[in-house]
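Reproduced below: input-v2.cif, with mmCIF, C-alpha atoms.
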```cif
data_work
#
loop_
_atom_site.group_PDB
_atom_site.id
_atom_site.type_symbol
_atom_site.label_atom_id
_atom_site.label_comp_id
_atom_site.auth_asym_id
_atom_site.auth_seq_id
_atom_site.Cartn_x
_atom_site.Cartn_y
_atom_site.Cartn_z
ATOM 1 C CA MET A 1 12.650 -39.829 27.120
ATOM 2 C CA THR A 2 8.972 -39.986 26.164
ATOM 3 C CA PRO A 3 7.633 -37.912 23.236
ATOM 4 C CA SER A 4 4.360 -37.089 25.005
ATOM 5 C CA ARG A 5 6.170 -35.760 28.088
ATOM 6 C CA THR A 6 8.637 -33.818 25.967
ATOM 7 C CA LEU A 7 5.816 -32.202 24.008
ATOM 8 C CA ALA A 8 3.933 -31.452 27.229
ATOM 9 C CA THR A 9 7.007 -29.591 28.488
ATOM 10 C CA THR A 10 7.221 -27.733 25.190
ATOM 11 C CA GLY A 11 3.592 -26.663 25.475
ATOM 12 C CA ARG A 12 4.033 -25.525 29.072
ATOM 13 C CA VAL A 13 7.053 -23.365 28.213
ATOM 14 C CA LEU A 14 5.301 -21.802 25.215
ATOM 15 C CA SER A 15 2.226 -21.097 27.355
ATOM 16 C CA GLN A 16 4.364 -19.306 29.940
ATOM 17 C CA ILE A 17 6.099 -17.206 27.314
ATOM 18 C CA ARG A 18 2.783 -16.352 25.660
ATOM 19 C CA HIS A 19 1.774 -14.518 28.833
ATOM 20 C CA ASP A 20 5.031 -12.554 28.981
ATOM 21 C CA PRO A 21 4.974 -9.847 26.280
ATOM 22 C CA ARG A 22 8.341 -8.434 27.314
ATOM 23 C CA THR A 23 10.057 -11.769 26.719
ATOM 24 C CA ILE A 24 8.265 -12.135 23.391
ATOM 25 C CA ALA A 25 9.454 -8.685 22.330
ATOM 26 C CA LEU A 26 13.005 -9.480 23.465
ATOM 27 C CA LEU A 27 13.070 -12.752 21.566
ATOM 28 C CA LEU A 28 11.359 -11.708 18.336
ATOM 29 C CA LEU A 29 12.076 -8.016 17.879
ATOM 30 C CA VAL A 30 15.300 -7.023 19.635
ATOM 31 C CA PRO A 31 17.669 -8.973 17.312
ATOM 32 C CA SER A 32 16.125 -7.302 14.252
ATOM 33 C CA LEU A 33 16.281 -3.877 15.898
ATOM 34 C CA LEU A 34 19.962 -4.385 16.686
ATOM 35 C CA ILE A 35 20.637 -5.476 13.109
ATOM 36 C CA GLY A 36 18.831 -2.342 11.960
ATOM 37 C CA LEU A 37 20.971 -0.218 14.283
ATOM 38 C CA VAL A 38 24.160 -1.655 12.788
ATOM 39 C CA ALA A 39 22.828 -1.011 9.275
ATOM 40 C CA TRP A 40 21.958 2.562 10.253
ATOM 41 C CA ILE A 41 25.419 3.192 11.712
ATOM 42 C CA PHE A 42 27.048 2.120 8.455
ATOM 43 C CA SER A 43 24.324 3.473 6.166
ATOM 44 C CA GLU A 44 26.777 5.651 4.218
ATOM 45 C CA THR A 45 29.267 2.829 3.680
ATOM 46 C CA THR A 46 29.398 -0.722 2.362
ATOM 47 C CA VAL A 47 30.370 -2.126 5.768
ATOM 48 C CA PHE A 48 26.940 -3.565 6.550
ATOM 49 C CA GLN A 49 27.086 -5.697 3.430
ATOM 50 C CA SER A 50 30.201 -7.315 4.923
ATOM 51 C CA VAL A 51 29.110 -7.619 8.552
ATOM 52 C CA GLY A 52 25.358 -8.081 8.051
ATOM 53 C CA PRO A 53 25.446 -11.914 7.785
ATOM 54 C CA ALA A 54 27.529 -12.099 10.970
ATOM 55 C CA MET A 55 25.007 -9.887 12.771
ATOM 56 C CA ILE A 56 22.251 -12.336 11.788
ATOM 57 C CA ALA A 57 24.288 -14.987 13.601
ATOM 58 C CA LEU A 58 25.377 -12.892 16.560
ATOM 59 C CA PHE A 59 22.317 -11.141 17.995
ATOM 60 C CA PRO A 60 19.832 -14.071 17.982
ATOM 61 C CA PHE A 61 22.556 -16.300 19.453
ATOM 62 C CA ILE A 62 23.147 -13.933 22.386
ATOM 63 C CA VAL A 63 19.456 -13.267 23.050
ATOM 64 C CA MET A 64 18.518 -16.959 23.021
ATOM 65 C CA PHE A 65 21.451 -17.796 25.308
ATOM 66 C CA LEU A 66 20.416 -15.229 27.904
ATOM 67 C CA VAL A 67 16.655 -15.835 27.864
ATOM 68 C CA THR A 68 16.915 -19.617 27.915
ATOM 69 C CA SER A 69 19.533 -19.824 30.647
ATOM 70 C CA ILE A 70 17.783 -17.362 32.953
ATOM 71 C CA THR A 71 14.354 -18.950 32.399
ATOM 72 C CA THR A 72 15.621 -22.430 33.193
ATOM 73 C CA LEU A 73 17.574 -21.261 36.230
ATOM 74 C CA ARG A 74 14.537 -19.432 37.587
ATOM 75 C CA GLU A 75 12.482 -22.623 37.428
ATOM 76 C CA ARG A 76 15.131 -24.441 39.420
ATOM 77 C CA ARG A 77 15.432 -21.685 42.020
ATOM 78 C CA THR A 78 11.674 -21.466 42.553
ATOM 79 C CA GLY A 79 11.359 -25.240 42.993
ATOM 80 C CA THR A 80 9.322 -25.731 39.799
ATOM 81 C CA LEU A 81 11.986 -27.961 38.330
ATOM 82 C CA GLU A 82 12.095 -30.205 41.392
ATOM 83 C CA ARG A 83 8.301 -30.593 41.365
ATOM 84 C CA LEU A 84 8.368 -31.476 37.686
ATOM 85 C CA LEU A 85 11.126 -34.036 38.104
ATOM 86 C CA SER A 86 9.266 -35.660 40.998
ATOM 87 C CA MET A 87 6.675 -36.596 38.380
ATOM 88 C CA PRO A 88 7.346 -39.182 35.655
ATOM 89 C CA LEU A 89 9.404 -36.617 33.742
ATOM 90 C CA GLY A 90 13.067 -37.208 32.986
ATOM 91 C CA LYS A 91 15.783 -34.621 32.663
ATOM 92 C CA GLY A 92 16.030 -35.427 28.970
ATOM 93 C CA ASP A 93 12.306 -34.728 28.511
ATOM 94 C CA LEU A 94 12.705 -31.384 30.248
ATOM 95 C CA ILE A 95 15.794 -30.227 28.338
ATOM 96 C CA LEU A 96 14.489 -31.413 24.972
ATOM 97 C CA GLY A 97 11.107 -29.816 25.691
ATOM 98 C CA TYR A 98 12.800 -26.487 26.357
ATOM 99 C CA THR A 99 14.894 -26.901 23.224
ATOM 100 C CA LEU A 100 11.807 -27.521 21.082
ATOM 101 C CA ALA A 101 9.901 -24.611 22.625
ATOM 102 C CA PHE A 102 12.685 -22.106 22.126
ATOM 103 C CA GLY A 103 13.507 -23.726 18.793
ATOM 104 C CA LEU A 104 10.030 -22.829 17.533
ATOM 105 C CA LEU A 105 10.586 -19.285 18.728
ATOM 106 C CA ALA A 106 13.981 -19.338 17.014
ATOM 107 C CA VAL A 107 12.276 -20.092 13.704
ATOM 108 C CA LEU A 108 10.142 -16.967 14.078
ATOM 109 C CA GLN A 109 13.017 -14.885 15.413
ATOM 110 C CA SER A 110 15.443 -15.834 12.642
ATOM 111 C CA SER A 111 12.846 -15.511 9.893
ATOM 112 C CA ILE A 112 11.994 -12.006 11.077
ATOM 113 C CA ALA A 113 15.683 -11.080 11.379
ATOM 114 C CA VAL A 114 16.559 -12.344 7.895
ATOM 115 C CA LEU A 115 13.520 -10.709 6.319
ATOM 116 C CA PHE A 116 14.276 -7.431 8.098
ATOM 117 C CA ALA A 117 17.943 -7.483 7.086
ATOM 118 C CA ILE A 118 17.088 -8.114 3.423
ATOM 119 C CA THR A 119 13.993 -5.975 2.890
ATOM 120 C CA VAL A 120 14.551 -3.078 5.303
ATOM 121 C CA CYS A 121 18.323 -2.923 5.742
ATOM 122 C CA GLY A 122 19.112 -3.774 2.122
ATOM 123 C CA LEU A 123 21.389 -6.759 2.708
ATOM 124 C CA ASP A 124 22.158 -8.438 -0.616
ATOM 125 C CA ILE A 125 22.071 -12.227 -0.611
ATOM 126 C CA GLU A 126 23.588 -14.151 -3.530
ATOM 127 C CA GLY A 127 22.663 -17.617 -2.310
ATOM 128 C CA PRO A 128 19.296 -19.200 -1.460
ATOM 129 C CA VAL A 129 17.396 -17.321 1.245
ATOM 130 C CA TRP A 130 15.868 -20.531 2.626
ATOM 131 C CA LEU A 131 19.342 -21.835 3.372
ATOM 132 C CA LEU A 132 20.219 -18.547 5.080
ATOM 133 C CA VAL A 133 17.149 -18.924 7.293
ATOM 134 C CA ALA A 134 18.024 -22.562 8.052
ATOM 135 C CA VAL A 135 21.513 -21.645 9.255
ATOM 136 C CA ALA A 136 20.179 -18.661 11.223
ATOM 137 C CA VAL A 137 17.620 -20.894 12.959
ATOM 138 C CA ALA A 138 20.279 -23.493 13.808
ATOM 139 C CA ASP A 139 22.492 -20.720 15.193
ATOM 140 C CA ALA A 140 19.674 -19.425 17.416
ATOM 141 C CA VAL A 141 18.903 -22.959 18.641
ATOM 142 C CA LEU A 142 22.609 -23.320 19.392
ATOM 143 C CA GLY A 143 22.324 -20.284 21.655
ATOM 144 C CA THR A 144 19.353 -21.958 23.352
ATOM 145 C CA THR A 145 21.146 -25.240 24.041
ATOM 146 C CA LEU A 146 24.310 -23.512 25.286
ATOM 147 C CA GLY A 147 22.071 -21.423 27.556
ATOM 148 C CA LEU A 148 20.501 -24.603 28.926
ATOM 149 C CA LEU A 149 23.973 -25.990 29.533
ATOM 150 C CA ALA A 150 25.098 -22.821 31.327
ATOM 151 C CA SER A 151 21.999 -22.836 33.542
ATOM 152 C CA ALA A 152 22.861 -26.334 34.722
ATOM 153 C CA PHE A 153 26.013 -24.966 36.378
ATOM 154 C CA ALA A 154 24.851 -21.521 37.505
ATOM 155 C CA ARG A 155 23.259 -20.817 40.886
ATOM 156 C CA THR A 156 22.013 -17.270 40.252
ATOM 157 C CA GLU A 157 21.036 -15.104 37.310
ATOM 158 C CA PHE A 158 24.204 -13.112 37.884
ATOM 159 C CA GLN A 159 26.278 -16.257 37.462
ATOM 160 C CA VAL A 160 24.539 -16.890 34.145
ATOM 161 C CA VAL A 161 25.750 -13.499 32.962
ATOM 162 C CA GLN A 162 29.217 -14.380 34.238
ATOM 163 C CA PHE A 163 29.242 -17.380 31.890
ATOM 164 C CA MET A 164 29.045 -15.059 28.887
ATOM 165 C CA PRO A 165 32.758 -14.123 28.983
ATOM 166 C CA VAL A 166 33.529 -17.861 29.046
ATOM 167 C CA ILE A 167 31.031 -19.220 26.518
ATOM 168 C CA VAL A 168 29.936 -16.318 24.310
ATOM 169 C CA PHE A 169 32.669 -13.679 24.152
ATOM 170 C CA PRO A 170 35.478 -15.951 22.844
ATOM 171 C CA GLN A 171 33.182 -17.086 20.045
ATOM 172 C CA ILE A 172 32.459 -13.467 19.107
ATOM 173 C CA LEU A 173 36.139 -12.514 19.122
ATOM 174 C CA LEU A 174 37.316 -15.574 17.179
ATOM 175 C CA GLY A 175 34.267 -16.081 14.960
ATOM 176 C CA GLY A 176 35.446 -13.979 12.049
ATOM 177 C CA ILE A 177 33.284 -10.981 12.889
ATOM 178 C CA PHE A 178 36.094 -8.497 13.564
ATOM 179 C CA LEU A 179 38.795 -10.167 11.464
ATOM 180 C CA PRO A 180 38.575 -12.951 8.863
ATOM 181 C CA ARG A 181 39.489 -16.213 10.527
ATOM 182 C CA ASP A 182 42.190 -16.994 7.973
ATOM 183 C CA GLN A 183 44.024 -13.869 9.167
ATOM 184 C CA LEU A 184 44.077 -14.915 12.813
ATOM 185 C CA PRO A 185 47.295 -16.170 14.433
ATOM 186 C CA ASP A 186 47.681 -19.891 13.845
ATOM 187 C CA VAL A 187 46.799 -20.962 17.386
ATOM 188 C CA LEU A 188 43.691 -18.752 17.488
ATOM 189 C CA ARG A 189 42.608 -19.917 14.037
ATOM 190 C CA VAL A 190 42.783 -23.562 15.123
ATOM 191 C CA LEU A 191 40.881 -22.702 18.302
ATOM 192 C CA SER A 192 38.198 -20.882 16.301
ATOM 193 C CA ASP A 193 37.650 -24.017 14.218
ATOM 194 C CA TRP A 194 36.346 -25.705 17.379
ATOM 195 C CA LEU A 195 33.859 -22.933 18.205
ATOM 196 C CA PRO A 196 30.355 -23.408 16.752
ATOM 197 C CA LEU A 197 29.597 -19.728 16.167
ATOM 198 C CA SER A 198 32.555 -19.601 13.754
ATOM 199 C CA HIS A 199 30.847 -22.152 11.538
ATOM 200 C CA ALA A 200 27.552 -20.243 11.654
ATOM 201 C CA VAL A 201 29.274 -17.017 10.604
ATOM 202 C CA ASP A 202 31.215 -18.813 7.852
ATOM 203 C CA ALA A 203 28.050 -20.419 6.513
ATOM 204 C CA LEU A 204 26.049 -17.178 6.524
ATOM 205 C CA ASN A 205 28.892 -15.282 4.834
ATOM 206 C CA ALA A 206 29.188 -18.004 2.199
ATOM 207 C CA ILE A 207 25.463 -17.831 1.446
ATOM 208 C CA ALA A 208 25.438 -14.028 1.336
ATOM 209 C CA THR A 209 28.407 -13.791 -1.041
ATOM 210 C CA GLY A 210 27.768 -16.962 -3.026
ATOM 211 C CA SER A 211 31.440 -17.854 -2.530
ATOM 212 C CA GLU A 212 30.772 -21.510 -1.666
ATOM 213 C CA ASP A 213 28.363 -24.153 -2.895
ATOM 214 C CA ASP A 214 25.429 -25.538 -0.922
ATOM 215 C CA ALA A 215 27.411 -28.643 0.053
ATOM 216 C CA TYR A 216 29.890 -26.493 1.990
ATOM 217 C CA VAL A 217 27.073 -24.697 3.802
ATOM 218 C CA LEU A 218 25.346 -27.969 4.650
ATOM 219 C CA GLY A 219 28.621 -29.272 6.063
ATOM 220 C CA GLU A 220 28.876 -26.227 8.331
ATOM 221 C CA LEU A 221 25.232 -26.710 9.305
ATOM 222 C CA LEU A 222 25.920 -30.311 10.318
ATOM 223 C CA ILE A 223 28.704 -29.115 12.633
ATOM 224 C CA ILE A 224 26.290 -26.683 14.299
ATOM 225 C CA LEU A 225 23.695 -29.431 14.676
ATOM 226 C CA ALA A 226 26.311 -31.710 16.253
ATOM 227 C CA TRP A 227 27.045 -29.001 18.830
ATOM 228 C CA ILE A 228 23.318 -28.644 19.514
ATOM 229 C CA VAL A 229 22.918 -32.374 20.141
ATOM 230 C CA GLY A 230 26.032 -32.467 22.320
ATOM 231 C CA ALA A 231 24.865 -29.495 24.403
ATOM 232 C CA VAL A 232 21.417 -31.087 24.928
ATOM 233 C CA ILE A 233 22.974 -34.356 26.084
ATOM 234 C CA LEU A 234 25.440 -32.635 28.415
ATOM 235 C CA ALA A 235 22.766 -30.304 29.830
ATOM 236 C CA SER A 236 20.513 -33.300 30.542
ATOM 237 C CA ALA A 237 23.333 -35.118 32.305
ATOM 238 C CA THR A 238 24.374 -32.170 34.483
ATOM 239 C CA LEU A 239 20.999 -30.583 35.319
ATOM 240 C CA ARG A 240 20.375 -30.338 39.057
ATOM 241 C CA ARG A 241 16.935 -30.444 40.644
ATOM 242 C CA ARG A 242 17.459 -27.444 42.857
ATOM 243 C CA THR A 243 19.943 -24.663 43.437
ATOM 244 C CA PRO A 244 21.266 -24.503 47.032
#
```

The structure in this file should be written as structure tokens.
Amino acid sequence: MTPSRTLATTGRVLSQIRHDPRTIALLLLVPSLLIGLVAWIFSETTVFQSVGPAMIALFPFIVMFLVTSITTLRERRTGTLERLLSMPLGKGDLILGYTLAFGLLAVLQSSIAVLFAITVCGLDIEGPVWLLVAVAVADAVLGTTLGLLASAFARTEFQVVQFMPVIVFPQILLGGIFLPRDQLPDVLRVLSDWLPLSHAVDALNAIATGSEDDAYVLGELLIILAWIVGAVILASATLRRRTP
């Protein structure tokens, strides 16, 4: 991989997105609007205070997964990817360039979502807000890299959506959103320990409630980062030039 080629890919992706206001709105605004909807539903209860941190993890993760996977797949189907790879541009440059581009958008997306949840929805945060934003950004980038990985195996946009029950839904069900993970059956609890979204939810809950110290949160963050690196490497190794 070459830094200049990676950054050139990042700039190209950001330039494309800049001319697509619908994608910008989907990436930056929809997660916050969904968080606001959940807060509105439970406005007369204390439920949002319990589920709010998990929503900060969930909605950006899903949105980044969908947008990234479909965008990458579309470039392969239209032949753009093959033309790019015929140049002195490696698969690693391409995947890392996409990761950086959507990672920058994830910073904006997560910052807006956290700010909206705290100032508009009234979510109380006991721990440091900067650490909450850091975990939220890592979680959104995780969605990006898993989306890149899914696009390497999919042939159509519909197949990308079909990957959600395999990659996304189990993480939602076992991530401690509906039931605390320590109350899951033993086998499911062990399985949830190996799912990255579980660690994002745990870290955000710990920051919101102040139940754990910063060292615990940083440990969870390192696990998420390890998943991000692994997904980037695997996506680079399995990316195909064109979809038959």

Closest-contact table, stretch 88-195 of chain A side, partner stretch 219-230 of chain A, 8 Å, counting all atoms listed in the file, as CSV:
```
residue,atom,partner,partner_atom,distance
A:Val135,CA,A:Leu221,CA,6.3
A:Ala138,CA,A:Ile224,CA,6.8
A:Asp139,CA,A:Ile224,CA,7.1
A:Val141,CA,A:Ile228,CA,7.3
A:Leu142,CA,A:Ile228,CA,5.4
A:Thr145,CA,A:Ile228,CA,6.1
A:Leu146,CA,A:Ile228,CA,7.8
```

Using C-alpha atoms, can you write the selected residues to a file as an mmCIF file, in the frame of the given file?
```cif
data_model
loop_
_atom_site.group_PDB
_atom_site.id
_atom_site.type_symbol
_atom_site.label_atom_id
_atom_site.label_comp_id
_atom_site.auth_asym_id
_atom_site.auth_seq_id
_atom_site.Cartn_x
_atom_site.Cartn_y
_atom_site.Cartn_z
ATOM 1 C CA VAL A 135 21.513 -21.645 9.255
ATOM 2 C CA ALA A 138 20.279 -23.493 13.808
ATOM 3 C CA ASP A 139 22.492 -20.720 15.193
ATOM 4 C CA VAL A 141 18.903 -22.959 18.641
ATOM 5 C CA LEU A 142 22.609 -23.320 19.392
ATOM 6 C CA THR A 145 21.146 -25.240 24.041
ATOM 7 C CA LEU A 146 24.310 -23.512 25.286
#
```

TODO: Run the PyMOL selection byres ((chain A and resi 173-184) around 10) mentally over the shown coordinates, then write out the matched residues as number ranges by chain, using the chain letters and numbers from the document.
DONE: A: 50-55, 57-58, 168-172, 185-193, 195-202, 205

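Counting only C-alpha atoms, the residue from A:Ala152, A:Gly36, A:Trp194, A:Thr10 that sits nearest to A:Ile112 is A:Gly36.
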
- [ ] Specify as a PyMOL selection string each residue included when the PyMOL selection byres ((chain A and resi 59) around 9) is applied to this file.
- [x] chain A and resi 30-32+34-35+54-58+60-64+140

Open item on the list: Quick one: residues within 8 Å of A:Thr209, all atoms listed in the file, excluding same-chain residues fewer than 5 positions away - as an MDAnalysis selection string?
Closed with: chainID A and resid 125:127

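Among the candidate residues A:Val107, A:Leu7, A:His19, A:Met164, the one lying nearest to A:Ser151 is A:Met164, with distances computed using only C-alpha atoms.
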
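As for atom CA of A:Gly143 and atom CA of A:Thr46, they are spaced 28.4 Å apart.
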
Open item on the list: Given all atoms listed in the file as the basis, pick out the residue of A:Ala208, A:Val232, A:Ile70, A:Ile17 nearest to A:Thr99.
Closed with: A:Val232

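Distances to A:Ser43 were evaluated for A:Gly122, A:Val114, A:Ser69, A:Ser15 using only C-alpha atoms, and the minimum falls at A:Gly122.
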
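Shortest atom-to-atom contact with A:Val129 among A:Arg12, A:Glu157, A:Gly210, A:Thr45: A:Gly210, counting all atoms listed in the file.
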
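One finds atom CA of A:Leu108 at 13.7 Å from atom CA of A:Arg18.
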
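Between atom CA of A:Asp214 and atom CA of A:Trp130 lies a distance of 11.4 Å.
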
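Among A:Val166, A:Val160, A:Ile233, A:Val13, the residue with the shortest atom-to-atom distance to A:Tyr98, counting all atoms listed in the file, is A:Val13.
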
- [ ] Considering only C-alpha atoms, return as a list of chain:residue names whatever protein or nucleic-acid residues lie within 9 Å of A:Leu29, sequence-local ones (same chain, fewer than 4 positions apart) excluded.
- [x] A:Ile24, A:Ala25, A:Leu33, A:Leu34, A:Gln109, A:Ile112, A:Ala113

- [ ] Taking the file as shown, find all residues satisfying the PyMOL selection byres ((chain A and resi 95) around 9) and write them as a PyMOL selection string.
- [x] chain A and resi 6+9+90-94+96-100+145+148+232-233+235-236+239

Draw an axis-aligned box over all listed atoms of stretch 44-50 of chain A, pad each side with 4 Å, and write its centre and edge lengths in Å, one decimal, as JSON.
```
{"center_x": 28.6, "center_y": -0.8, "center_z": 4.5, "size_x": 11.6, "size_y": 21.0, "size_z": 12.2}
```

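Residues surrounding A:Phe48 within 8 Å are Val38, Ala39, Phe42 and Leu123 of chain A [all atoms listed in the file; sequence separation below 6 positions excluded].
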